[in-house]
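What follows is a set of notes on a single structure, which appears directly below.
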Amino acid sequence: MATSLTRRDFAASAILLVAGSYAGWTPAQAAESKPAAKLLVLYKTPKDKAAFDAYYKATHIPLASKIPGLRTYEISEGVVNTPAGPSDIYLTAILTFDNLAAIQAGLASPEGQAAAGDLANFATGGADLFMFDSKDA
Amino acid sequence: MAKLVVLYKTPKDKAAFDAYYKATHISLAYKIPGLKKYEISDGAVSTPAGPADVYLTAILTFDSLAAIQSALGSAEGQAAAGDLANFASGGADLYMFDSKDA
């Protein structure tokens with residue numbers, strides 16, 4: 001009995017020890033982002049939404065995904081709202097790179113030029129592009 | 001995931017904006033319930049044609065659009081949103097949306 005209690009106590013303290021050592025760094029590592037830069041694209045409402053959707057999915061995403069240095073590529077899903085209601089933005093895209101220089105080099109590459117040049121083929125409402133280094137607030 | 005994107009237009013007094021944002025607004029915004037991640041631009045915001053009329057961007061990540069909407073309706077969300085009038089002298093555009101990998 002005494003032996004089994006001791007063993008259980010040992011196991012419990014080993015678990016606590018492991019949990020304690022992880023607690024020292026895991027949450028901080030998870031919460032802190034790697035340095036990054038973002039290319040934010042705000043597409044205004046196009047003349048033909050169905051045509052925009054079809055072209056964006058079939059053609060533009062594959063082109064943009066080829067931009068060198070691209071780390072993540074997220075787009076909005078559904079309506080883009082403002083606090084006051086629906087916005088004049090139809091779709092947003094947030095492309096993440098290592099830094100602003102990587103975005104600039106990515107856009108200057110043949111793949112970047114092809115993706116940027118493709119906007120004229122479907123962004124009939126226009127699009128605003130913003131690029132910047134970013135960090136945790 | 002869902003994002004709340006805030007685009008701050010160039011303020012009248014950049015130094016005052018920077019000081020207030022750092023000392024007051026970030027701590028208020030961090031209290032918004034359901035906030036997963038809070039990133040801001042570091043340095044100039046550019047367009048392909050040159051400098052933008054946007055001075056600072058903030059991208060706040062939540063679990064869903066519904067989480068953003070309820071967060072903004074909370075006391076902490078109201079305090080953070082109400083604080084914009086205290087420093088965003090160039091105005092600010094807010095956009096919120098569900099997001100997914102392309």
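By convention here, the chains of the structure tokens are called A, B, ... in the order presented, each chain's residues are numbered starting at 1, and ligands are numbered starting at 1 in the order presented.
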
10 Å contact set for region 25-36 of chain B, only C-alpha atoms, chain neighbours under 2 positions out, as JSON, numbers by chain: {"A": [31, 137], "B": [1, 2, 3, 4, 17, 18, 19, 20, 21, 22, 23, 38, 40, 60, 61, 62, 63, 64, 67, 68, 70, 71, 72, 73, 74, 75, 76, 77, 78, 79, 80, 81, 83, 84, 86, 87]}

Quick one: write out the picked residues with N, CA and C atoms as an mmCIF file, in the first residue's frame?
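Okay, this is what ended up in out_27.cif:
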data_model
loop_
_atom_site.group_PDB
_atom_site.id
_atom_site.type_symbol
_atom_site.label_atom_id
_atom_site.label_comp_id
_atom_site.auth_asym_id
_atom_site.auth_seq_id
_atom_site.Cartn_x
_atom_site.Cartn_y
_atom_site.Cartn_z
ATOM 1 N N ALA A 31 1.792 32.719 -27.939
ATOM 2 C CA ALA A 31 1.143 34.023 -28.079
ATOM 3 C C ALA A 31 1.972 34.973 -28.952
ATOM 4 N N ALA A 137 0.786 43.929 -31.004
ATOM 5 C CA ALA A 137 0.543 45.246 -30.393
ATOM 6 C C ALA A 137 1.105 45.313 -28.971
ATOM 7 N N MET B 1 -11.781 31.468 -38.187
ATOM 8 C CA MET B 1 -11.250 32.723 -37.669
ATOM 9 C C MET B 1 -12.002 33.905 -38.275
ATOM 10 N N ALA B 2 -11.889 35.025 -37.603
ATOM 11 C CA ALA B 2 -12.470 36.253 -38.151
ATOM 12 C C ALA B 2 -11.551 37.407 -37.781
ATOM 13 N N LYS B 3 -11.587 38.453 -38.614
ATOM 14 C CA LYS B 3 -10.687 39.594 -38.413
ATOM 15 C C LYS B 3 -11.479 40.890 -38.280
ATOM 16 N N LEU B 4 -10.949 41.742 -37.433
ATOM 17 C CA LEU B 4 -11.383 43.131 -37.370
ATOM 18 C C LEU B 4 -10.180 43.943 -37.844
ATOM 19 N N PHE B 17 -0.639 60.972 -31.577
ATOM 20 C CA PHE B 17 -1.324 59.721 -31.912
ATOM 21 C C PHE B 17 -0.517 58.530 -31.402
ATOM 22 N N ASP B 18 0.767 58.511 -31.730
ATOM 23 C CA ASP B 18 1.634 57.387 -31.331
ATOM 24 C C ASP B 18 1.650 57.209 -29.817
ATOM 25 N N ALA B 19 1.812 58.309 -29.108
ATOM 26 C CA ALA B 19 1.915 58.236 -27.650
ATOM 27 C C ALA B 19 0.614 57.730 -27.044
ATOM 28 N N TYR B 20 -0.520 58.253 -27.530
ATOM 29 C CA TYR B 20 -1.815 57.853 -26.973
ATOM 30 C C TYR B 20 -2.126 56.395 -27.323
ATOM 31 N N TYR B 21 -1.847 56.037 -28.552
ATOM 32 C CA TYR B 21 -2.149 54.660 -28.979
ATOM 33 C C TYR B 21 -1.416 53.661 -28.106
ATOM 34 N N LYS B 22 -0.131 53.924 -27.905
ATOM 35 C CA LYS B 22 0.714 53.003 -27.158
ATOM 36 C C LYS B 22 0.338 52.966 -25.670
ATOM 37 N N ALA B 23 0.141 54.140 -25.094
ATOM 38 C CA ALA B 23 -0.069 54.205 -23.638
ATOM 39 C C ALA B 23 -1.493 53.855 -23.238
ATOM 40 N N TYR B 38 -3.581 40.385 -31.795
ATOM 41 C CA TYR B 38 -3.727 41.834 -32.026
ATOM 42 C C TYR B 38 -2.407 42.301 -32.635
ATOM 43 N N ILE B 40 -0.322 45.117 -35.182
ATOM 44 C CA ILE B 40 -0.357 46.468 -35.731
ATOM 45 C C ILE B 40 0.800 46.654 -36.713
ATOM 46 N N LEU B 60 -7.150 42.583 -35.656
ATOM 47 C CA LEU B 60 -7.518 41.852 -34.445
ATOM 48 C C LEU B 60 -8.207 40.563 -34.863
ATOM 49 N N THR B 61 -7.735 39.448 -34.326
ATOM 50 C CA THR B 61 -8.274 38.139 -34.702
ATOM 51 C C THR B 61 -9.158 37.586 -33.586
ATOM 52 N N PHE B 62 -10.308 37.063 -33.995
ATOM 53 C CA PHE B 62 -11.275 36.435 -33.082
ATOM 54 C C PHE B 62 -11.672 35.083 -33.685
ATOM 55 N N ASP B 63 -12.481 34.323 -32.938
ATOM 56 C CA ASP B 63 -12.915 33.017 -33.437
ATOM 57 C C ASP B 63 -13.890 33.123 -34.603
ATOM 58 N N SER B 64 -14.756 34.114 -34.586
ATOM 59 C CA SER B 64 -15.799 34.214 -35.607
ATOM 60 C C SER B 64 -16.315 35.650 -35.665
ATOM 61 N N ALA B 67 -18.329 36.461 -32.745
ATOM 62 C CA ALA B 67 -17.510 36.799 -31.565
ATOM 63 C C ALA B 67 -17.077 38.262 -31.621
ATOM 64 N N ILE B 68 -16.743 38.761 -32.811
ATOM 65 C CA ILE B 68 -16.360 40.178 -32.944
ATOM 66 C C ILE B 68 -17.547 41.065 -32.589
ATOM 67 N N SER B 70 -20.211 40.406 -30.780
ATOM 68 C CA SER B 70 -20.577 40.427 -29.361
ATOM 69 C C SER B 70 -19.497 41.121 -28.543
ATOM 70 N N ALA B 71 -18.227 40.981 -28.964
ATOM 71 C CA ALA B 71 -17.137 41.658 -28.256
ATOM 72 C C ALA B 71 -17.287 43.178 -28.344
ATOM 73 N N LEU B 72 -17.639 43.659 -29.535
ATOM 74 C CA LEU B 72 -17.794 45.113 -29.690
ATOM 75 C C LEU B 72 -18.995 45.630 -28.909
ATOM 76 N N GLY B 73 -19.951 44.739 -28.653
ATOM 77 C CA GLY B 73 -21.124 45.121 -27.867
ATOM 78 C C GLY B 73 -20.863 45.092 -26.364
ATOM 79 N N SER B 74 -19.764 44.474 -25.959
ATOM 80 C CA SER B 74 -19.449 44.372 -24.525
ATOM 81 C C SER B 74 -18.984 45.723 -23.975
ATOM 82 N N ALA B 75 -18.930 45.826 -22.664
ATOM 83 C CA ALA B 75 -18.478 47.071 -22.033
ATOM 84 C C ALA B 75 -17.047 47.396 -22.466
ATOM 85 N N GLU B 76 -16.175 46.368 -22.522
ATOM 86 C CA GLU B 76 -14.777 46.580 -22.906
ATOM 87 C C GLU B 76 -14.683 46.999 -24.374
ATOM 88 N N GLY B 77 -15.510 46.388 -25.226
ATOM 89 C CA GLY B 77 -15.529 46.735 -26.649
ATOM 90 C C GLY B 77 -16.012 48.161 -26.858
ATOM 91 N N GLN B 78 -17.029 48.535 -26.100
ATOM 92 C CA GLN B 78 -17.560 49.898 -26.191
ATOM 93 C C GLN B 78 -16.518 50.913 -25.730
ATOM 94 N N ALA B 79 -15.773 50.553 -24.703
ATOM 95 C CA ALA B 79 -14.730 51.461 -24.198
ATOM 96 C C ALA B 79 -13.641 51.647 -25.251
ATOM 97 N N ALA B 80 -13.216 50.545 -25.890
ATOM 98 C CA ALA B 80 -12.163 50.633 -26.901
ATOM 99 C C ALA B 80 -12.663 51.403 -28.126
ATOM 100 N N ALA B 81 -13.877 51.112 -28.583
ATOM 101 C CA ALA B 81 -14.427 51.804 -29.754
ATOM 102 C C ALA B 81 -14.630 53.286 -29.440
ATOM 103 N N ASP B 83 -12.989 55.017 -27.452
ATOM 104 C CA ASP B 83 -11.691 55.682 -27.285
ATOM 105 C C ASP B 83 -11.153 56.253 -28.605
ATOM 106 N N LEU B 84 -11.624 55.728 -29.744
ATOM 107 C CA LEU B 84 -11.118 56.202 -31.047
ATOM 108 C C LEU B 84 -11.236 57.723 -31.167
ATOM 109 N N ASN B 86 -10.783 59.851 -29.108
ATOM 110 C CA ASN B 86 -9.760 60.556 -28.327
ATOM 111 C C ASN B 86 -8.420 60.716 -29.034
ATOM 112 N N PHE B 87 -8.213 59.961 -30.137
ATOM 113 C CA PHE B 87 -6.889 60.060 -30.779
ATOM 114 C C PHE B 87 -6.918 59.910 -32.298
#

Residues of chain B within 9 Å of chain A, only C-alpha atoms counted, as a PyMOL selection string: chain B and resi 2-3+22+26+30+36-48+52+54+57-58+69+72+93-102

Pro68 (chain A) surroundings by only C-alpha atoms, 9 Å radius, close-in-sequence under 2 positions cut, as a list in words: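 So, after excluding close chain neighbours, the residues are Ser65, Lys66, Leu70, Arg71, Ala102, Ile103, Ala105, Gly106, Leu107, Ser109, Glu111 and Gly112 of chain A.
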
Export, as a PDB file, in the first residue's frame, the selected residues with C-alpha atoms.
ATOM      1  CA  SER A  65      -0.296  31.492 -54.418  1.00  0.00           C
ATOM      2  CA  LYS A  66       2.803  31.368 -56.663  1.00  0.00           C
ATOM      3  CA  LEU A  70       4.248  34.074 -49.529  1.00  0.00           C
ATOM      4  CA  ARG A  71       3.695  32.468 -46.104  1.00  0.00           C
ATOM      5  CA  ALA A 102       9.988  40.296 -49.113  1.00  0.00           C
ATOM      6  CA  ILE A 103       6.605  41.690 -50.216  1.00  0.00           C
ATOM      7  CA  ALA A 105      10.546  41.517 -53.988  1.00  0.00           C
ATOM      8  CA  GLY A 106       7.571  39.152 -54.300  1.00  0.00           C
ATOM      9  CA  LEU A 107       5.532  41.742 -56.203  1.00  0.00           C
ATOM     10  CA  SER A 109       9.009  38.921 -59.436  1.00  0.00           C
ATOM     11  CA  GLU A 111       4.870  35.635 -60.474  1.00  0.00           C
ATOM     12  CA  GLY A 112       4.067  38.828 -58.538  1.00  0.00           C
TER      13      GLY A 112
END

Helix (DSSP H, G or I) per DSSP on the backbone: members of region 41-73 of chain A, as a PyMOL selection string: chain A and resi 49-65

Would you write out those residues with C-alpha atoms, as a PDB file, in the first residue's frame?
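Printed below is selection.pdb as written:
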ATOM      1  CA  LYS A  49     -20.280  39.264 -58.197  1.00  0.00           C
ATOM      2  CA  ALA A  50     -20.725  35.751 -59.599  1.00  0.00           C
ATOM      3  CA  ALA A  51     -18.150  36.376 -62.337  1.00  0.00           C
ATOM      4  CA  PHE A  52     -15.738  37.847 -59.758  1.00  0.00           C
ATOM      5  CA  ASP A  53     -16.158  34.851 -57.451  1.00  0.00           C
ATOM      6  CA  ALA A  54     -15.628  32.315 -60.225  1.00  0.00           C
ATOM      7  CA  TYR A  55     -12.554  34.064 -61.643  1.00  0.00           C
ATOM      8  CA  TYR A  56     -10.987  34.735 -58.246  1.00  0.00           C
ATOM      9  CA  LYS A  57     -11.271  31.099 -57.213  1.00  0.00           C
ATOM     10  CA  ALA A  58     -10.293  29.458 -60.503  1.00  0.00           C
ATOM     11  CA  THR A  59      -7.599  31.848 -61.695  1.00  0.00           C
ATOM     12  CA  HIS A  60      -6.453  34.491 -59.241  1.00  0.00           C
ATOM     13  CA  ILE A  61      -5.862  32.310 -56.169  1.00  0.00           C
ATOM     14  CA  PRO A  62      -3.580  29.922 -58.097  1.00  0.00           C
ATOM     15  CA  LEU A  63      -1.644  32.912 -59.546  1.00  0.00           C
ATOM     16  CA  ALA A  64      -1.269  34.705 -56.201  1.00  0.00           C
ATOM     17  CA  SER A  65      -0.296  31.492 -54.418  1.00  0.00           C
TER      18      SER A  65
END

Nearest to Tyr8 (chain B), chosen from B:Pro51, B:Ala66, B:Thr24, B:Gly90, with only C-alpha atoms counted in the distances: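 Of B:Pro51, B:Ala66, B:Thr24, B:Gly90, the one nearest Tyr8 (chain B) is B:Gly90, counting only C-alpha atoms.
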